[in-house]
Protein chains: 2
Amino acid sequence: MKLTILGCYSATPRRITNPTSQVLEIKNHLFLVDCGEGTQVQLRKNKIKFSRIKHIFISHLHGDHYFGLVGLISTFKLLSREADLHIYAPKGLKEVITLQMKLSDSWTNYRLIFHELDSKTSELLFEDENVEVYTIPLKHRVYTNGFLFKEKPGKRKLDMEAVKNANIDLAYYRKLQQGFDVKNNDGVLIDNRNVTIPPSKPKSYAFCSDTMFDENIVPIIKDVDALYHESTFLEEHEHLAEPTKHSTAKQAAKIAKKANVGKLILGHYSTRYDGLEGFKSEAQEIFKNSELAEEGKIIEF
Amino acid sequence: MKLTILGCYSATPRRITNPTSQVLEIKNHLFLVDCGEGTQVQLRKNKIKFSRIKHIFISHLHGDHYFGLVGLISTFKLLSREADLHIYAPKGLKEVITLQMKLSDSWTNYRLIFHELDSKTSELLFEDENVEVYTIPLKHRVYTNGFLFKEKPGKRKLDMEAVKNANIDLAYYRKLQQGFDVKNNDGVLIDNRNVTIPPSKPKSYAFCSDTMFDENIVPIIKDVDALYHESTFLEEHEHLAEPTKHSTAKQAAKIAKKANVGKLILGHYSTRYDGLEGFKSEAQEIFKNSELAEEGKIIEF
C-alpha cells in the first residue's frame, strides 16, 4: 500500500497547509479519503491521475474534510470523465452536492453514486476480489466514520520448477494457487506446500479522523499495518481535546499501542503550533513507531 | 479605487491559476467580488485582512465563482469574527450555505445576512454616504449579475485662505462644502466657486463576468473608469463563445469601446491557452487601453 498525504492540518486552508485529504493506493485502486478545500490542486501537485479515482470516502461533514469535493466533482465533469464515481459519506452530503449541481444547472456526464452512511456500528462499504473497506465508528461532534482498508489474502504463487518436477497437469494450477493438494499425472497426491509459495501477508490501513480518545475502536483496528490517528493537540492543550472531541498525540499513541498496530501516522494538527516535532516526540514516548503526516509525503507499508 | 486580482481563470483551480475572485477597495470598503475555490488562501497570499471584508458579491452560481465561499464563511467563524457579513448573490445560495452549516452543526457567531437576487433589471444593492453598488444583468447559462461600483460625488473642499479673506463665519463652512453661495460677515454674497475647490470626479468600476457579448449592458456601464469584462476565448474559438455564453477578448473590447470606458481589464481566461498575450493584443486591436487581469496584480484607477 502507498499512502500520499495531500493535507494534514485541521480547520482552515492556509498558504502552506491544507486540510485533510489522502490518497491510498491499494491493489490497483486509488481511494481518496476526505477532501478538504484545495484537494484538487493538491492532487495535481502530487501528480495523481484524476481518472484513477473511482471511490471517495468522506469521514464527516465538517468543512475541512469535504469542502473540496463539489469542486472536484465539477472538475471531473469538465475533464469529460466517463467512469462511475462512488462517494461514501454521512447522510446529507448527497443533498449538498445535488443542490449545488441543480443551482448551477450542471449535472455530471458520468454516474455519481452516493452511499450515504448512518450506521453506528462498523459496516462493509466496498468489496472486490482483492480489497475490503469497513467503517470505523468514531466519536466526534458530528456523525463521523474512520475507514479500515484491508487487502484480502492473495493466492499462493506457483513454484514453477517444483510444479514441473512434480509432473502436475496445467489444469490443476488454479487449484494449487487456491491452496489445494492435487494429484499429479502419475496419480500421486502432491502436498501443496511443496510446489507453491505462500502469498505475502495481507496489509491493512486504518484512517481515524476526527475523533476523541475512544478505546472502542481498538478491536476494529487491531494489528493493522498502519494507523492514521488524528492528533489535533499537544499535551499542553489536552484540556481542549475533550470539549472539541479531538485527540492529543499521546492519546493517538495510546490507541496505537493498545491496538498493536505496525506504525502510527499522526495528523490533523491544529494550526496554532509552529512546528510538528512536538507531536512526534510526545507520541513516541508511548508508541515508538510513530511518524508525522506531512504534505506531499508518501508512506509505503 | 484599488482592485486586487485574486483569481482570473475560468473553470477549475490548478497549481498556478485560480478561479474568479477580486477585492475592490473603494472609499474604505473592501468588497469581495466572486469567491472561487481557494479564495481564502489567495486573500492570505495577498495580505488582505479578513476582518475588513463585510460585503461579498457573487455573480452567479457556477462553482468557479462561489465554491470558496462556504470555506471562507467557516474560517471567519474560526477566527472569532464578530462583524456582520452581507452576501449579495443569486437566489439559492442561502440554502446551499445554511444546509452545509446545519450538517456540520456549526453556525456562525456573527450575523450572516443574505441578499438574494432574482431581478432581471439593474437594481441598487448597497448604498452609504460614499458608495453605491448596482447589479448589471448579464446573459449567461444561469442567472447572472455583474456589479457596478460607484463613488458618490464628494463635497467641495474649502480654499481656507480664500474663505478667511472673504470673511465668512465658521457656521457657513458646511454650506460652502455643499456648494451653496453664502453671505459673509459684511452681508456680501460670496460666490461659492471663489472660495472652494471642486471634488475630484467620482470613480466607477464595472465587473462583468460571466457573459456572452451583450450590448444591453452598455447604458449601465457607460463611461466607467474601469471595466472588467470576461474574455474566456480568443478569436480562434469564437464559435465556442456563443453556445457556452461566454465572450472573446475582441467582444469584450467592443463593449468597452461602445461604453466609452476608461480602461478595459480582461479575465476569466480559458485554461486551454498557454499564454495570455493573445487576449491583450486581440482586444487592443479594437480598444487600445486594454490590460490583462493577472493573479496578485493590483490595478489602481
# chains A, B, ... in the order shown; residues from 1 in each chain; ligands from 1
>>> closest_atom_pairs(of="chain A", to="chain B", cutoff="7 Å", atoms="only C-alpha atoms", output="CSV")
residue,atom,partner,partner_atom,distance
A:Thr12,CA,B:Thr75,CA,6.0
A:Pro13,CA,B:Val41,CA,6.5
A:Arg14,CA,B:Val41,CA,5.3
A:Arg15,CA,B:Val41,CA,5.6
A:Glu37,CA,B:Glu37,CA,7.0
A:Gly38,CA,B:Gly38,CA,6.2
A:Val41,CA,B:Arg14,CA,5.3
A:Arg44,CA,B:Arg15,CA,6.8
A:Lys45,CA,B:Arg15,CA,6.5
A:Leu61,CA,B:Ser104,CA,5.3
A:His62,CA,B:Ser104,CA,5.0
A:Gly63,CA,B:Gly71,CA,6.7
A:Phe67,CA,B:Gly71,CA,6.8
A:Gly71,CA,B:Gly63,CA,6.7
A:Thr75,CA,B:Thr12,CA,6.0
A:Gly92,CA,B:Leu103,CA,6.8
A:Val96,CA,B:Val96,CA,6.7
A:Leu99,CA,B:Val96,CA,6.9
A:Gln100,CA,B:Val96,CA,6.8
A:Leu103,CA,B:Leu61,CA,6.3
A:Ser104,CA,B:His62,CA,5.0
A:Val142,CA,B:Ser104,CA,6.7
>>> residues_around(residues="Gln178 in chain A", least_positions_apart="6", cutoff="12 Å", atoms="only C-alpha atoms", output="CSV table (one decimal) with N, CA and C atoms, in the first residue's frame")
chain,number,residue,atom,x,y,z
A,153,PRO,N,-6.5,-11.9,1.5
A,153,PRO,CA,-5.4,-12.8,1.3
A,153,PRO,C,-5.2,-13.1,-0.2
A,154,GLY,N,-4.0,-13.0,-0.7
A,154,GLY,CA,-3.8,-13.3,-2.1
A,154,GLY,C,-3.7,-14.8,-2.3
A,155,LYS,N,-3.6,-15.2,-3.6
A,155,LYS,CA,-3.4,-16.6,-4.0
A,155,LYS,C,-2.0,-17.0,-3.7
A,156,ARG,N,-1.8,-18.3,-3.5
A,156,ARG,CA,-0.4,-18.8,-3.4
A,156,ARG,C,0.3,-18.7,-4.8
A,157,LYS,N,1.6,-18.6,-4.8
A,157,LYS,CA,2.3,-18.5,-6.0
A,157,LYS,C,2.8,-19.9,-6.4
A,158,LEU,N,2.8,-20.2,-7.7
A,158,LEU,CA,3.4,-21.5,-8.1
A,158,LEU,C,4.9,-21.4,-8.1
A,172,TYR,N,-4.6,-28.2,-13.1
A,172,TYR,CA,-4.6,-28.2,-11.7
A,172,TYR,C,-4.0,-26.9,-11.1
A,192,ASN,N,0.5,-29.4,-1.4
A,192,ASN,CA,0.5,-28.1,-1.9
A,192,ASN,C,1.8,-27.3,-1.5
A,193,ARG,N,2.1,-27.4,-0.2
A,193,ARG,CA,3.2,-26.6,0.3
A,193,ARG,C,4.6,-26.9,-0.4
A,196,THR,N,4.1,-24.7,-4.0
A,196,THR,CA,3.7,-23.3,-4.0
A,196,THR,C,4.3,-22.5,-2.9
A,197,ILE,N,4.3,-21.2,-3.1
A,197,ILE,CA,4.9,-20.2,-2.2
A,197,ILE,C,3.7,-19.4,-1.6
A,198,PRO,N,3.7,-19.3,-0.2
A,198,PRO,CA,2.5,-18.6,0.4
A,198,PRO,C,2.5,-17.1,-0.1
A,199,PRO,N,1.3,-16.6,-0.2
A,199,PRO,CA,1.2,-15.2,-0.6
A,199,PRO,C,1.7,-14.3,0.6
>>> residues_around(residues="Tyr134 in chain A", least_positions_apart="6", cutoff="10 Å", atoms="only C-alpha atoms", output="mmCIF file with C-alpha atoms, in the first residue's frame")
data_model
loop_
_atom_site.group_PDB
_atom_site.id
_atom_site.type_symbol
_atom_site.label_atom_id
_atom_site.label_comp_id
_atom_site.auth_asym_id
_atom_site.auth_seq_id
_atom_site.Cartn_x
_atom_site.Cartn_y
_atom_site.Cartn_z
ATOM 1 C CA THR A 121 -21.601 0.070 14.001
ATOM 2 C CA SER A 122 -18.796 -0.925 11.671
ATOM 3 C CA GLU A 123 -20.081 -1.957 8.250
ATOM 4 C CA LEU A 124 -18.637 -3.221 4.983
ATOM 5 C CA LEU A 125 -18.685 -0.422 2.398
ATOM 6 C CA PHE A 126 -16.803 -1.897 -0.505
ATOM 7 C CA GLU A 127 -15.522 -5.287 -1.530
ATOM 8 C CA ASN A 145 -16.564 7.357 10.484
ATOM 9 C CA GLY A 146 -12.991 6.294 10.070
ATOM 10 C CA PHE A 147 -12.220 3.722 7.385
ATOM 11 C CA LEU A 148 -10.445 0.389 7.506
ATOM 12 C CA PHE A 149 -8.848 -0.697 4.241
ATOM 13 C CA LYS A 150 -7.891 -4.381 4.087
ATOM 14 C CA ALA A 206 -6.937 2.385 9.313
ATOM 15 C CA ILE A 220 -11.726 -2.914 14.823
#
>>> select_by_dssp(residues="range 39-77 of chain B", states="strand (DSSP E or B)", output="MDAnalysis selection string")
chainID B and resid 53:57
>>> write_last_selection(atoms="C-alpha atoms", output="compact mmCIF listing (two decimals), in the first residue's frame")
# COMPACT_ATOMS: atom_id res chain seq x y z
CA ILE B 53 -14.42 42.24 4.28
CA LYS B 54 -18.02 42.99 5.16
CA HIS B 55 -19.73 42.65 1.80
CA ILE B 56 -19.36 39.81 -0.69
CA PHE B 57 -20.87 39.95 -4.16
>>> residues_around(residues="Thr232 in chain A", least_positions_apart="4", cutoff="6 Å", atoms="only C-alpha atoms", output="PyMOL selection string")
chain A and resi 247-248+268-270
>>> residues_around(residues="Arg111 in chain B", least_positions_apart="4", cutoff="10 Å", atoms="only C-alpha atoms", output="list in words")
Arg81, Glu82, Ala83, Asp84, Leu85, His86 and Trp107 of chain B
>>> residues_around(residues="Ala253 in chain A", least_positions_apart="2", cutoff="6 Å", atoms="only C-alpha atoms", output="list in words")
Lys250, Gln251, Ile255, Ala256, Ala283, Ile286 and Phe287 of chain A
>>> write_last_selection(atoms="N, CA and C atoms", output="tab-separated table (two decimals), in the first residue's frame")
chain	number	residue	atom	x	y	z
A	250	LYS	N	-0.45	12.04	22.33
A	250	LYS	CA	-0.28	10.94	23.29
A	250	LYS	C	-1.48	9.99	23.28
A	251	GLN	N	-2.67	10.57	23.15
A	251	GLN	CA	-3.87	9.72	23.10
A	251	GLN	C	-3.86	8.86	21.85
A	255	ILE	N	-3.82	4.62	21.68
A	255	ILE	CA	-4.68	3.77	20.84
A	255	ILE	C	-3.80	2.86	19.98
A	256	ALA	N	-2.74	3.43	19.40
A	256	ALA	CA	-1.84	2.64	18.55
A	256	ALA	C	-1.25	1.47	19.33
A	283	ALA	N	4.18	11.48	21.04
A	283	ALA	CA	3.63	10.16	20.68
A	283	ALA	C	4.66	9.06	20.93
A	286	ILE	N	5.13	7.05	24.07
A	286	ILE	CA	4.21	5.94	24.34
A	286	ILE	C	4.29	4.85	23.28
A	287	PHE	N	4.45	5.27	22.03
A	287	PHE	CA	4.48	4.30	20.93
A	287	PHE	C	5.62	4.68	19.99
>>> closest_residue(among="A:Ile168, A:Ile265, A:Ala259, A:Met160", to="Glu291 in chain A", atoms="only C-alpha atoms")
A:Ile265
>>> atom_distance(atom1="CA of Tyr228 in chain A", atom2="CA of Lys263 in chain A")
8.5 Å
>>> decode(residues="range 116-149 of chain A", atoms="N, CA and C atoms", output="PDB file, in the first residue's frame")
ATOM      1  N   GLU A 116     -24.782   6.706   1.247  1.00  0.00           N
ATOM      2  CA  GLU A 116     -24.925   7.552   2.436  1.00  0.00           C
ATOM      3  C   GLU A 116     -24.931   6.694   3.693  1.00  0.00           C
ATOM      4  N   LEU A 117     -24.159   7.136   4.661  1.00  0.00           N
ATOM      5  CA  LEU A 117     -23.913   6.324   5.857  1.00  0.00           C
ATOM      6  C   LEU A 117     -24.639   6.909   7.063  1.00  0.00           C
ATOM      7  N   ASP A 118     -25.234   6.019   7.854  1.00  0.00           N
ATOM      8  CA  ASP A 118     -25.763   6.462   9.136  1.00  0.00           C
ATOM      9  C   ASP A 118     -25.685   5.387  10.213  1.00  0.00           C
ATOM     10  N   SER A 119     -24.996   4.294   9.892  1.00  0.00           N
ATOM     11  CA  SER A 119     -24.887   3.206  10.859  1.00  0.00           C
ATOM     12  C   SER A 119     -23.936   3.586  11.987  1.00  0.00           C
ATOM     13  N   LYS A 120     -24.253   3.116  13.177  1.00  0.00           N
ATOM     14  CA  LYS A 120     -23.361   3.421  14.308  1.00  0.00           C
ATOM     15  C   LYS A 120     -22.437   2.254  14.627  1.00  0.00           C
ATOM     16  N   THR A 121     -22.540   1.186  13.821  1.00  0.00           N
ATOM     17  CA  THR A 121     -21.601   0.070  14.001  1.00  0.00           C
ATOM     18  C   THR A 121     -20.806  -0.099  12.711  1.00  0.00           C
ATOM     19  N   SER A 122     -19.664  -0.750  12.831  1.00  0.00           N
ATOM     20  CA  SER A 122     -18.796  -0.925  11.671  1.00  0.00           C
ATOM     21  C   SER A 122     -19.517  -1.707  10.586  1.00  0.00           C
ATOM     22  N   GLU A 123     -19.426  -1.247   9.353  1.00  0.00           N
ATOM     23  CA  GLU A 123     -20.081  -1.957   8.250  1.00  0.00           C
ATOM     24  C   GLU A 123     -19.164  -2.027   7.033  1.00  0.00           C
ATOM     25  N   LEU A 124     -19.407  -3.039   6.212  1.00  0.00           N
ATOM     26  CA  LEU A 124     -18.637  -3.221   4.983  1.00  0.00           C
ATOM     27  C   LEU A 124     -19.160  -2.250   3.937  1.00  0.00           C
ATOM     28  N   LEU A 125     -18.273  -1.415   3.391  1.00  0.00           N
ATOM     29  CA  LEU A 125     -18.685  -0.422   2.398  1.00  0.00           C
ATOM     30  C   LEU A 125     -18.383  -0.874   0.985  1.00  0.00           C
ATOM     31  N   PHE A 126     -17.276  -1.563   0.839  1.00  0.00           N
ATOM     32  CA  PHE A 126     -16.803  -1.897  -0.505  1.00  0.00           C
ATOM     33  C   PHE A 126     -16.056  -3.218  -0.445  1.00  0.00           C
ATOM     34  N   GLU A 127     -16.229  -4.007  -1.475  1.00  0.00           N
ATOM     35  CA  GLU A 127     -15.522  -5.287  -1.530  1.00  0.00           C
ATOM     36  C   GLU A 127     -15.344  -5.698  -2.976  1.00  0.00           C
ATOM     37  N   ASP A 128     -14.157  -6.125  -3.322  1.00  0.00           N
ATOM     38  CA  ASP A 128     -13.967  -6.828  -4.586  1.00  0.00           C
ATOM     39  C   ASP A 128     -13.051  -8.012  -4.303  1.00  0.00           C
ATOM     40  N   GLU A 129     -12.474  -8.605  -5.309  1.00  0.00           N
ATOM     41  CA  GLU A 129     -11.710  -9.830  -5.045  1.00  0.00           C
ATOM     42  C   GLU A 129     -10.409  -9.593  -4.279  1.00  0.00           C
ATOM     43  N   ASN A 130      -9.976  -8.317  -4.231  1.00  0.00           N
ATOM     44  CA  ASN A 130      -8.690  -8.022  -3.594  1.00  0.00           C
ATOM     45  C   ASN A 130      -8.760  -7.200  -2.312  1.00  0.00           C
ATOM     46  N   VAL A 131      -9.854  -6.471  -2.153  1.00  0.00           N
ATOM     47  CA  VAL A 131      -9.890  -5.444  -1.112  1.00  0.00           C
ATOM     48  C   VAL A 131     -11.242  -5.400  -0.405  1.00  0.00           C
ATOM     49  N   GLU A 132     -11.193  -5.047   0.886  1.00  0.00           N
ATOM     50  CA  GLU A 132     -12.422  -4.751   1.631  1.00  0.00           C
ATOM     51  C   GLU A 132     -12.255  -3.418   2.345  1.00  0.00           C
ATOM     52  N   VAL A 133     -13.340  -2.655   2.417  1.00  0.00           N
ATOM     53  CA  VAL A 133     -13.302  -1.400   3.179  1.00  0.00           C
ATOM     54  C   VAL A 133     -14.459  -1.399   4.173  1.00  0.00           C
ATOM     55  N   TYR A 134     -14.136  -1.136   5.430  1.00  0.00           N
ATOM     56  CA  TYR A 134     -15.131  -1.075   6.501  1.00  0.00           C
ATOM     57  C   TYR A 134     -15.143   0.319   7.133  1.00  0.00           C
ATOM     58  N   THR A 135     -16.272   0.694   7.701  1.00  0.00           N
ATOM     59  CA  THR A 135     -16.295   1.915   8.516  1.00  0.00           C
ATOM     60  C   THR A 135     -15.747   1.624   9.908  1.00  0.00           C
ATOM     61  N   ILE A 136     -15.213   2.659  10.519  1.00  0.00           N
ATOM     62  CA  ILE A 136     -14.795   2.622  11.925  1.00  0.00           C
ATOM     63  C   ILE A 136     -15.576   3.736  12.631  1.00  0.00           C
ATOM     64  N   PRO A 137     -16.627   3.413  13.377  1.00  0.00           N
ATOM     65  CA  PRO A 137     -17.407   4.486  14.027  1.00  0.00           C
ATOM     66  C   PRO A 137     -16.526   5.273  14.998  1.00  0.00           C
ATOM     67  N   LEU A 138     -16.514   6.580  14.839  1.00  0.00           N
ATOM     68  CA  LEU A 138     -15.675   7.443  15.683  1.00  0.00           C
ATOM     69  C   LEU A 138     -16.554   8.350  16.539  1.00  0.00           C
ATOM     70  N   LYS A 139     -15.960   8.881  17.578  1.00  0.00           N
ATOM     71  CA  LYS A 139     -16.707   9.800  18.471  1.00  0.00           C
ATOM     72  C   LYS A 139     -16.226  11.229  18.228  1.00  0.00           C
ATOM     73  N   HIS A 140     -17.086  12.019  17.580  1.00  0.00           N
ATOM     74  CA  HIS A 140     -16.743  13.410  17.302  1.00  0.00           C
ATOM     75  C   HIS A 140     -17.993  14.258  17.502  1.00  0.00           C
ATOM     76  N   ARG A 141     -17.923  15.537  17.203  1.00  0.00           N
ATOM     77  CA  ARG A 141     -19.068  16.419  17.472  1.00  0.00           C
ATOM     78  C   ARG A 141     -20.230  16.152  16.526  1.00  0.00           C
ATOM     79  N   VAL A 142     -19.935  15.644  15.336  1.00  0.00           N
ATOM     80  CA  VAL A 142     -20.994  15.219  14.410  1.00  0.00           C
ATOM     81  C   VAL A 142     -20.730  13.762  14.035  1.00  0.00           C
ATOM     82  N   TYR A 143     -21.697  13.138  13.389  1.00  0.00           N
ATOM     83  CA  TYR A 143     -21.580  11.745  12.970  1.00  0.00           C
ATOM     84  C   TYR A 143     -20.326  11.552  12.097  1.00  0.00           C
ATOM     85  N   THR A 144     -19.465  10.653  12.530  1.00  0.00           N
ATOM     86  CA  THR A 144     -18.149  10.502  11.884  1.00  0.00           C
ATOM     87  C   THR A 144     -17.743   9.033  11.775  1.00  0.00           C
ATOM     88  N   ASN A 145     -17.150   8.686  10.649  1.00  0.00           N
ATOM     89  CA  ASN A 145     -16.564   7.357  10.484  1.00  0.00           C
ATOM     90  C   ASN A 145     -15.103   7.456  10.091  1.00  0.00           C
ATOM     91  N   GLY A 146     -14.289   6.576  10.661  1.00  0.00           N
ATOM     92  CA  GLY A 146     -12.991   6.294  10.070  1.00  0.00           C
ATOM     93  C   GLY A 146     -13.194   5.183   9.049  1.00  0.00           C
ATOM     94  N   PHE A 147     -12.119   4.777   8.395  1.00  0.00           N
ATOM     95  CA  PHE A 147     -12.220   3.722   7.385  1.00  0.00           C
ATOM     96  C   PHE A 147     -11.077   2.726   7.540  1.00  0.00           C
ATOM     97  N   LEU A 148     -11.434   1.464   7.422  1.00  0.00           N
ATOM     98  CA  LEU A 148     -10.445   0.389   7.506  1.00  0.00           C
ATOM     99  C   LEU A 148     -10.309  -0.252   6.132  1.00  0.00           C
ATOM    100  N   PHE A 149      -9.117  -0.155   5.581  1.00  0.00           N
ATOM    101  CA  PHE A 149      -8.848  -0.697   4.241  1.00  0.00           C
ATOM    102  C   PHE A 149      -8.038  -1.972   4.402  1.00  0.00           C
TER     103      PHE A 149
END
